[in-house]
Amino acid sequence: MTTKLVVGLDGHGSGERAVAFAKNLADLIGDCELLIVYVVEWSPYSFQTAEENAQRHKRREEEISTAMQRVVDPAVGKLTDAGAKATGIVRHGDVASILMAISEEEGASQIIVSRSSEGGFTKRIFGSATSNLVMHASVPVTVVS
Amino acid sequence: MNSIKTMLLLAIATAGSAGAVQAQEAMTLDQKVNEVFAAVTGPFVNLIFAPLPGTSFPWIVMWLVVAATVFTIYFGFVQFRFFGHAISLVKGDYSDPKDAGEVSHFQALATALSGTVGLGNIAGVAVAVGIGGPGATFWMILAGLLGMASKFTECTLGVKYRNEYDDGTVSGGPMYYISKGFSELGLPGGKFLAILFSVFCILGALGGGNMFQANQAHAQISGIVGEYPGWITGIIFAAVVFSVIVGGIKSIARVTEKVVPFMGLLYVGAALIILLVNYDKIGWAFGQIFAGAFTGLGVAGGFVGALIQGFKRAAFSNEAGVGSAAIAHSAVRTKEPITEGFVSLLEPLIDTVVICTMTALVITISQQLIVDPATGLYQLNEAGSSIATIGDVSGVGLTSAAFGSSISWFPYVLAIAVILFAFSTMLSWSYYGLKSWTYMFGEGKKSELTFKVIFCVFIVIGAAASLGPVIDFSDAAIFAMAVVNIFCLYFLMGLVKKELVSYGSRLKAGEIRKFKH
């Protein structure tokens, strides 16, 4: 059976180290698929203007294609070129919850993320996406520093 | 159409000169604006508020209440039967996780609420209670509960018949469901009625959604910093609104959208604290509300006066049957249009049954309305038109005094809330007006800009004119939307019934499942 590893990217340089780590791990495992995930931060309980609502569907499509082009596709391309099996996924929502949900849906055996790059204030109040993930995930989480 | 164009041109000309004059001429300018405005809008206002023959009861109030009652009965008390389901939908229990990033039920409701929760809840209720006494509250609550069915009907249709464009944007609202629904049923005149609605919606956007807001915001600011010409407030507001809707400075809109719900919660929180502190008077206050509802307790026009005021202010506050909410709700992402109908029925509940009642209770409990100790009836003011109050205040002033009697610094918070509510309501209505405008004149940058400029000009006029003519025109324009909208809803309600029956049976059979458990 193929082992699946979820790799969460946040669009920053540190993500490359997470991808490199996952690639090494995949090489060691052998039959392994890497799921490269980018989460667009989104809450269904945020407040928007009527105009923003009317354009939301269009914006969502744009957000997905931008994330695919800028973050996910380059990573997937590099991995595929290097001979690894990789798939890209872009979703909207809370980073930690989405990574956990994907790992459950896909039956992944591990989640790999880089250390969070979030700012001080939000992090202090709500905790970073990485720490929330480490605390709540049902599969092992590797945080690459 | 020609008369509207004349009016718009007249308004632009008047306001155009506003910017050019010196400050010392301002008083005369304010008066001039007022005079021209009252003369132009008078006949329209009189037609909308004409009393039923042989009574003093405005036919338009009856029109709204009868419609809400008809919808309530026709849909088998949908507002109570599907209340729990509406809450589940807002919580996102039935939302497909794959649709994350699209407009959620919560967001559509919140956007629509930010357009309705505002001055109607603060100033409108004070007007209702000030004229109709505490008894008006009873009729307001009743109108709110019945209005939930009207909102359900129009918002279901709003989603069902919206336009979805290739680029992924959507446009919806009564003008779309009227024209599409009528042609689906093979009825004539759909296009004409849709245009008629659009015309009234533009007037409503310029009136209640703009001038009334600017006017009351000016009243609040000048109440704090002292009297000064209204057009100055108008120009400042117009500049900010212009920078958002034309300049695309989204950050201002975003900040407002985040602060307004917070202000709403603060307002309800303050009201709750006042009620808790005075918990021993709550029973008495409800006693006044019930007694006043059926006897009037001495108010002008007796219990009918209380009833008219209650119904009128409820309709103005929650806009049920007006059609505006259908525009706001139509952007939601759902495969079942009726789910947005269920969600929208929470709007009159939150707006009228909860927030308006809070205001009314605080005004009653704070005993700002003067009671004759000998008879226990309310004393009228010198003109005999409304109840005498401590400090002779009305509208926002009355609400402010009522809150201030328990929390001395609250009037300042209230003033900020009023200004923010006014601003967010203006933004919402600028969108409703724009959608009607583009329905008639086509979607395009030039056409949109024209409307947006006209909208900003009316902010200046609204702030400069005195309250009387502004409030009359605002009410009349918004109720005129309801005349067309409700007339069409009677023809279209069968389509909603079909959806309701189908959805209800699938929900019962377990075909519609929760994603969250």
# chains A, B, ... in the order shown; residues from 1 in each chain; ligands from 1
>>> closest_atom_pairs(of="chain B", to="chain A", cutoff="10 Å", atoms="only C-alpha atoms", output="tab-separated table")
residue	atom	partner	partner_atom	distance
B:Val90	CA	A:Tyr45	CA	9.2
B:Lys91	CA	A:Tyr45	CA	8.8
B:Gly92	CA	A:Pro44	CA	8.1
B:Ser95	CA	A:Pro44	CA	9.9
B:Pro97	CA	A:Gly93	CA	9.0
B:Lys98	CA	A:Arg91	CA	8.1
B:Asp99	CA	A:His92	CA	8.5
B:Ala100	CA	A:His92	CA	5.4
B:Gly101	CA	A:His92	CA	5.2
B:Glu102	CA	A:His57	CA	5.8
B:Val103	CA	A:Asn53	CA	6.1
B:Ser104	CA	A:Pro44	CA	5.5
B:His105	CA	A:Pro44	CA	8.1
B:Phe106	CA	A:Tyr45	CA	6.0
B:Gln107	CA	A:Phe47	CA	6.0
B:Ala108	CA	A:Asn53	CA	7.4
B:Leu109	CA	A:Phe47	CA	9.6
B:Ala110	CA	A:Phe47	CA	6.5
B:Thr111	CA	A:Thr49	CA	6.0
B:Ala112	CA	A:Ala50	CA	7.7
B:Ser114	CA	A:Thr49	CA	8.7
B:Gly115	CA	A:Ala50	CA	9.1
B:Glu164	CA	A:Ala54	CA	9.6
B:Tyr165	CA	A:Lys58	CA	9.8
B:Asp166	CA	A:Lys58	CA	9.3
B:Asp167	CA	A:Lys58	CA	6.3
B:Gly168	CA	A:Lys58	CA	4.5
B:Thr169	CA	A:Gln55	CA	4.7
B:Val170	CA	A:Ala54	CA	5.2
B:Ser171	CA	A:Ala54	CA	6.8
B:Gly172	CA	A:Ala54	CA	9.0
B:Ile245	CA	A:Glu51	CA	9.6
B:Lys250	CA	A:Thr49	CA	9.4
B:Ala253	CA	A:Thr49	CA	7.2
B:Arg254	CA	A:Gln48	CA	7.0
B:Val255	CA	A:Phe47	CA	9.7
B:Thr256	CA	A:Thr49	CA	9.3
B:Glu257	CA	A:Phe47	CA	5.9
B:Lys258	CA	A:Phe47	CA	6.3
B:Val259	CA	A:Phe47	CA	9.7
B:Val260	CA	A:Phe47	CA	9.6
B:Pro261	CA	A:Phe47	CA	8.5
B:Ile327	CA	A:Ala50	CA	8.6
B:Ala328	CA	A:Ala50	CA	5.9
B:His329	CA	A:Ala50	CA	8.5
B:Ser330	CA	A:Ala54	CA	8.1
B:Ala331	CA	A:Ala54	CA	5.1
B:Val332	CA	A:Asn53	CA	7.4
B:Arg333	CA	A:His57	CA	8.2
B:Ser424	CA	A:Thr49	CA	9.0
B:Leu427	CA	A:Thr49	CA	8.1
B:Ser428	CA	A:Ala50	CA	6.5
B:Trp429	CA	A:Ala50	CA	9.4
B:Ser430	CA	A:Ala50	CA	9.8
B:Tyr431	CA	A:Glu51	CA	6.8
B:Tyr432	CA	A:Ala50	CA	8.6
B:Lys435	CA	A:Glu51	CA	9.9
>>> residues_around(residues="region 21-34 of chain A", least_positions_apart="2", cutoff="6 Å", atoms="only C-alpha atoms", output="PyMOL selection string")
chain A and resi 2-5+18-19+85-86
>>> write_last_selection(atoms="C-alpha atoms", output="CSV table (one decimal), in the first residue's frame")
chain,number,residue,atom,x,y,z
A,2,THR,CA,1.2,3.5,-0.8
A,3,THR,CA,2.2,5.5,2.2
A,4,LYS,CA,0.8,9.1,2.0
A,5,LEU,CA,2.4,12.1,3.6
A,18,ALA,CA,9.6,20.9,4.7
A,19,VAL,CA,9.4,19.7,1.1
A,85,LYS,CA,5.1,11.0,-6.6
A,86,ALA,CA,3.4,14.3,-5.7
>>> residues_around(residues="Met426 (chain B)", least_positions_apart="2", cutoff="12 Å", atoms="only C-alpha atoms", output="MDAnalysis selection string")
(chainID A and resid 49:50) or (chainID B and resid 114:119 204:215 217 237:238 240:242 244:245 253 256 418:424 428:434 452 455:456 458:459 462)
>>> residues_around(residues="region 400-406 of chain B", least_positions_apart="4", cutoff="10 Å", atoms="only C-alpha atoms", output="MDAnalysis selection string")
chainID B and resid 122:123 126 220 267 270:271 273:275 277:278 359:369 389:391 393:396 410:415
>>> closest_residue(among="A:Thr80, A:Ser97, A:Ser114, A:Ser65", to="Val7 (chain A)", atoms="only C-alpha atoms")
A:Ser114
>>> closest_residue(among="B:Thr137, B:Gln288, B:Gln379, B:Ser324", to="Gly173 (chain B)", atoms="only C-alpha atoms")
B:Ser324
>>> closest_atom_pairs(of="region 20-80 of chain A", to="region 9-16 of chain A", cutoff="7 Å", atoms="only C-alpha atoms", output="tab-separated table")
residue	atom	partner	partner_atom	distance
A:Ala20	CA	A:Glu16	CA	6.1
A:Val37	CA	A:Leu9	CA	6.1
A:Tyr38	CA	A:Leu9	CA	5.3
A:Val71	CA	A:Gly11	CA	5.7
>>> select_by_dssp(residues="region 154-401 of chain B", states="strand (DSSP E)", output="PyMOL selection string")
chain B and resi 163-164+170-171
>>> residues_around(residues="Leu380 (chain B)", least_positions_apart="5", cutoff="12 Å", atoms="only C-alpha atoms", output="compact mmCIF listing (two decimals) with all heavy atoms, in the first residue's frame")
# COMPACT_ATOMS: atom_id res chain seq x y z
N GLY B 130 -42.16 57.05 21.29
CA GLY B 130 -42.43 58.45 21.63
C GLY B 130 -43.81 58.89 21.18
O GLY B 130 -44.47 59.68 21.84
N ILE B 131 -44.28 58.37 20.05
CA ILE B 131 -45.60 58.77 19.55
C ILE B 131 -46.67 57.76 19.99
O ILE B 131 -47.72 58.13 20.47
CB ILE B 131 -45.60 58.89 18.01
CG1 ILE B 131 -44.59 59.95 17.56
CG2 ILE B 131 -47.00 59.24 17.50
CD1 ILE B 131 -44.41 60.05 16.06
N GLY B 132 -46.35 56.49 19.82
CA GLY B 132 -47.36 55.45 20.06
C GLY B 132 -47.34 54.88 21.47
O GLY B 132 -48.15 54.01 21.80
N GLY B 133 -46.39 55.31 22.30
CA GLY B 133 -46.29 54.78 23.67
C GLY B 133 -45.71 53.38 23.68
O GLY B 133 -45.45 52.78 22.62
N LEU B 297 -53.12 53.89 26.37
CA LEU B 297 -52.70 54.61 27.58
C LEU B 297 -52.58 56.11 27.33
O LEU B 297 -51.63 56.75 27.78
CB LEU B 297 -51.38 54.06 28.14
CG LEU B 297 -51.42 52.66 28.76
CD1 LEU B 297 -50.01 52.20 29.13
CD2 LEU B 297 -52.31 52.62 29.99
N GLY B 298 -53.52 56.65 26.58
CA GLY B 298 -53.57 58.10 26.43
C GLY B 298 -52.79 58.68 25.27
O GLY B 298 -52.71 59.89 25.13
N VAL B 299 -52.15 57.84 24.43
CA VAL B 299 -51.34 58.39 23.34
C VAL B 299 -52.24 58.93 22.23
O VAL B 299 -53.42 58.58 22.14
CB VAL B 299 -50.36 57.35 22.72
CG1 VAL B 299 -49.47 56.79 23.80
CG2 VAL B 299 -51.10 56.26 21.98
N ALA B 300 -51.66 59.77 21.39
CA ALA B 300 -52.42 60.34 20.29
C ALA B 300 -52.91 59.23 19.37
O ALA B 300 -52.15 58.39 18.95
CB ALA B 300 -51.54 61.31 19.49
N GLY B 301 -54.22 59.22 19.10
CA GLY B 301 -54.77 58.20 18.22
C GLY B 301 -55.11 56.90 18.93
O GLY B 301 -55.52 55.93 18.30
N GLY B 302 -54.97 56.87 20.28
CA GLY B 302 -55.33 55.68 21.05
C GLY B 302 -54.56 54.45 20.61
O GLY B 302 -53.44 54.55 20.14
N LEU B 369 -40.61 58.87 29.41
CA LEU B 369 -41.92 59.32 28.94
C LEU B 369 -42.70 59.79 30.18
O LEU B 369 -42.79 59.06 31.17
CB LEU B 369 -42.67 58.18 28.25
CG LEU B 369 -41.91 57.48 27.10
CD1 LEU B 369 -42.65 56.24 26.66
CD2 LEU B 369 -41.75 58.43 25.93
N ILE B 370 -43.27 60.99 30.11
CA ILE B 370 -43.92 61.56 31.30
C ILE B 370 -45.35 61.03 31.45
O ILE B 370 -46.16 61.07 30.53
CB ILE B 370 -43.92 63.10 31.23
CG1 ILE B 370 -42.46 63.59 31.18
CG2 ILE B 370 -44.65 63.70 32.43
CD1 ILE B 370 -42.32 65.06 30.90
N VAL B 371 -45.61 60.48 32.66
CA VAL B 371 -46.93 59.92 32.97
C VAL B 371 -47.64 60.87 33.93
O VAL B 371 -47.04 61.42 34.84
CB VAL B 371 -46.78 58.54 33.64
CG1 VAL B 371 -48.13 57.96 34.02
CG2 VAL B 371 -46.02 57.58 32.73
N ASP B 372 -48.93 61.05 33.67
CA ASP B 372 -49.74 61.85 34.59
C ASP B 372 -50.01 61.00 35.83
O ASP B 372 -50.67 59.96 35.74
CB ASP B 372 -51.05 62.23 33.89
CG ASP B 372 -51.91 63.13 34.75
OD1 ASP B 372 -51.61 63.26 35.95
OD2 ASP B 372 -52.88 63.71 34.21
N SER B 385 -48.95 65.90 19.57
CA SER B 385 -48.59 64.93 18.54
C SER B 385 -47.83 63.72 19.11
O SER B 385 -47.90 62.63 18.58
CB SER B 385 -47.72 65.59 17.47
OG SER B 385 -46.60 66.18 18.08
N SER B 386 -47.08 63.94 20.19
CA SER B 386 -46.37 62.79 20.78
C SER B 386 -46.32 62.96 22.30
O SER B 386 -46.73 63.99 22.85
CB SER B 386 -44.96 62.68 20.20
OG SER B 386 -44.22 63.83 20.53
N ILE B 387 -45.79 61.90 22.95
CA ILE B 387 -45.77 61.91 24.42
C ILE B 387 -44.68 62.88 24.89
O ILE B 387 -43.60 62.94 24.32
CB ILE B 387 -45.47 60.50 24.95
CG1 ILE B 387 -46.56 59.52 24.49
CG2 ILE B 387 -45.35 60.49 26.46
CD1 ILE B 387 -46.23 58.07 24.75
N ALA B 388 -45.01 63.65 25.94
CA ALA B 388 -44.02 64.57 26.51
C ALA B 388 -42.89 63.76 27.14
O ALA B 388 -43.14 62.72 27.76
CB ALA B 388 -44.67 65.45 27.56
N THR B 389 -41.65 64.20 26.93
CA THR B 389 -40.52 63.47 27.52
C THR B 389 -39.70 64.41 28.39
O THR B 389 -39.76 65.62 28.23
CB THR B 389 -39.60 62.92 26.41
OG1 THR B 389 -39.19 64.01 25.58
CG2 THR B 389 -40.26 61.86 25.57
N ILE B 390 -38.93 63.79 29.30
CA ILE B 390 -38.04 64.58 30.14
C ILE B 390 -36.99 65.19 29.20
O ILE B 390 -36.35 64.48 28.43
CB ILE B 390 -37.36 63.69 31.20
CG1 ILE B 390 -38.42 63.08 32.10
CG2 ILE B 390 -36.32 64.46 32.00
CD1 ILE B 390 -37.94 62.00 33.02
N ASP B 392 -37.64 67.07 26.74
CA ASP B 392 -38.28 67.33 25.46
C ASP B 392 -37.46 66.80 24.27
O ASP B 392 -37.16 67.51 23.32
CB ASP B 392 -38.51 68.84 25.29
CG ASP B 392 -39.55 69.13 24.20
OD1 ASP B 392 -40.34 68.22 23.90
OD2 ASP B 392 -39.53 70.24 23.66
>>> residues_around(residues="Ala477 (chain B)", least_positions_apart="3", cutoff="6 Å", atoms="only C-alpha atoms", output="list of chain:residue names")
B:Leu203, B:Gly204, B:Phe473, B:Ser474, B:Ala480
>>> residues_around(residues="region 58-68 of chain B", least_positions_apart="4", cutoff="6 Å", atoms="only C-alpha atoms", output="VMD selection string")
chain B and resid 49 to 52 146 to 147 150
>>> write_last_selection(atoms="N, CA, C and O atoms", output="mmCIF file, in the first residue's frame")
data_model
loop_
_atom_site.group_PDB
_atom_site.id
_atom_site.type_symbol
_atom_site.label_atom_id
_atom_site.label_comp_id
_atom_site.auth_asym_id
_atom_site.auth_seq_id
_atom_site.Cartn_x
_atom_site.Cartn_y
_atom_site.Cartn_z
ATOM 1 N N PHE B 49 -48.628 57.409 1.791
ATOM 2 C CA PHE B 49 -49.168 57.366 3.156
ATOM 3 C C PHE B 49 -50.642 57.733 3.241
ATOM 4 O O PHE B 49 -51.149 58.033 4.317
ATOM 5 N N ALA B 50 -51.344 57.701 2.107
ATOM 6 C CA ALA B 50 -52.765 58.015 2.130
ATOM 7 C C ALA B 50 -53.489 57.056 3.067
ATOM 8 O O ALA B 50 -53.206 55.858 3.084
ATOM 9 N N PRO B 51 -54.414 57.582 3.888
ATOM 10 C CA PRO B 51 -55.137 56.699 4.810
ATOM 11 C C PRO B 51 -56.201 55.888 4.083
ATOM 12 O O PRO B 51 -56.666 56.299 3.015
ATOM 13 N N LEU B 52 -56.572 54.764 4.670
ATOM 14 C CA LEU B 52 -57.670 53.980 4.110
ATOM 15 C C LEU B 52 -58.930 54.824 4.234
ATOM 16 O O LEU B 52 -59.094 55.555 5.213
ATOM 17 N N LEU B 146 -44.348 38.250 12.096
ATOM 18 C CA LEU B 146 -45.026 37.974 10.824
ATOM 19 C C LEU B 146 -44.094 38.267 9.652
ATOM 20 O O LEU B 146 -44.069 37.535 8.659
ATOM 21 N N GLY B 147 -43.303 39.333 9.793
ATOM 22 C CA GLY B 147 -42.391 39.751 8.724
ATOM 23 C C GLY B 147 -41.373 38.678 8.369
ATOM 24 O O GLY B 147 -40.840 38.665 7.258
ATOM 25 N N SER B 150 -42.408 37.034 5.255
ATOM 26 C CA SER B 150 -42.198 37.839 4.038
ATOM 27 C C SER B 150 -40.745 37.733 3.597
ATOM 28 O O SER B 150 -40.438 37.567 2.409
#
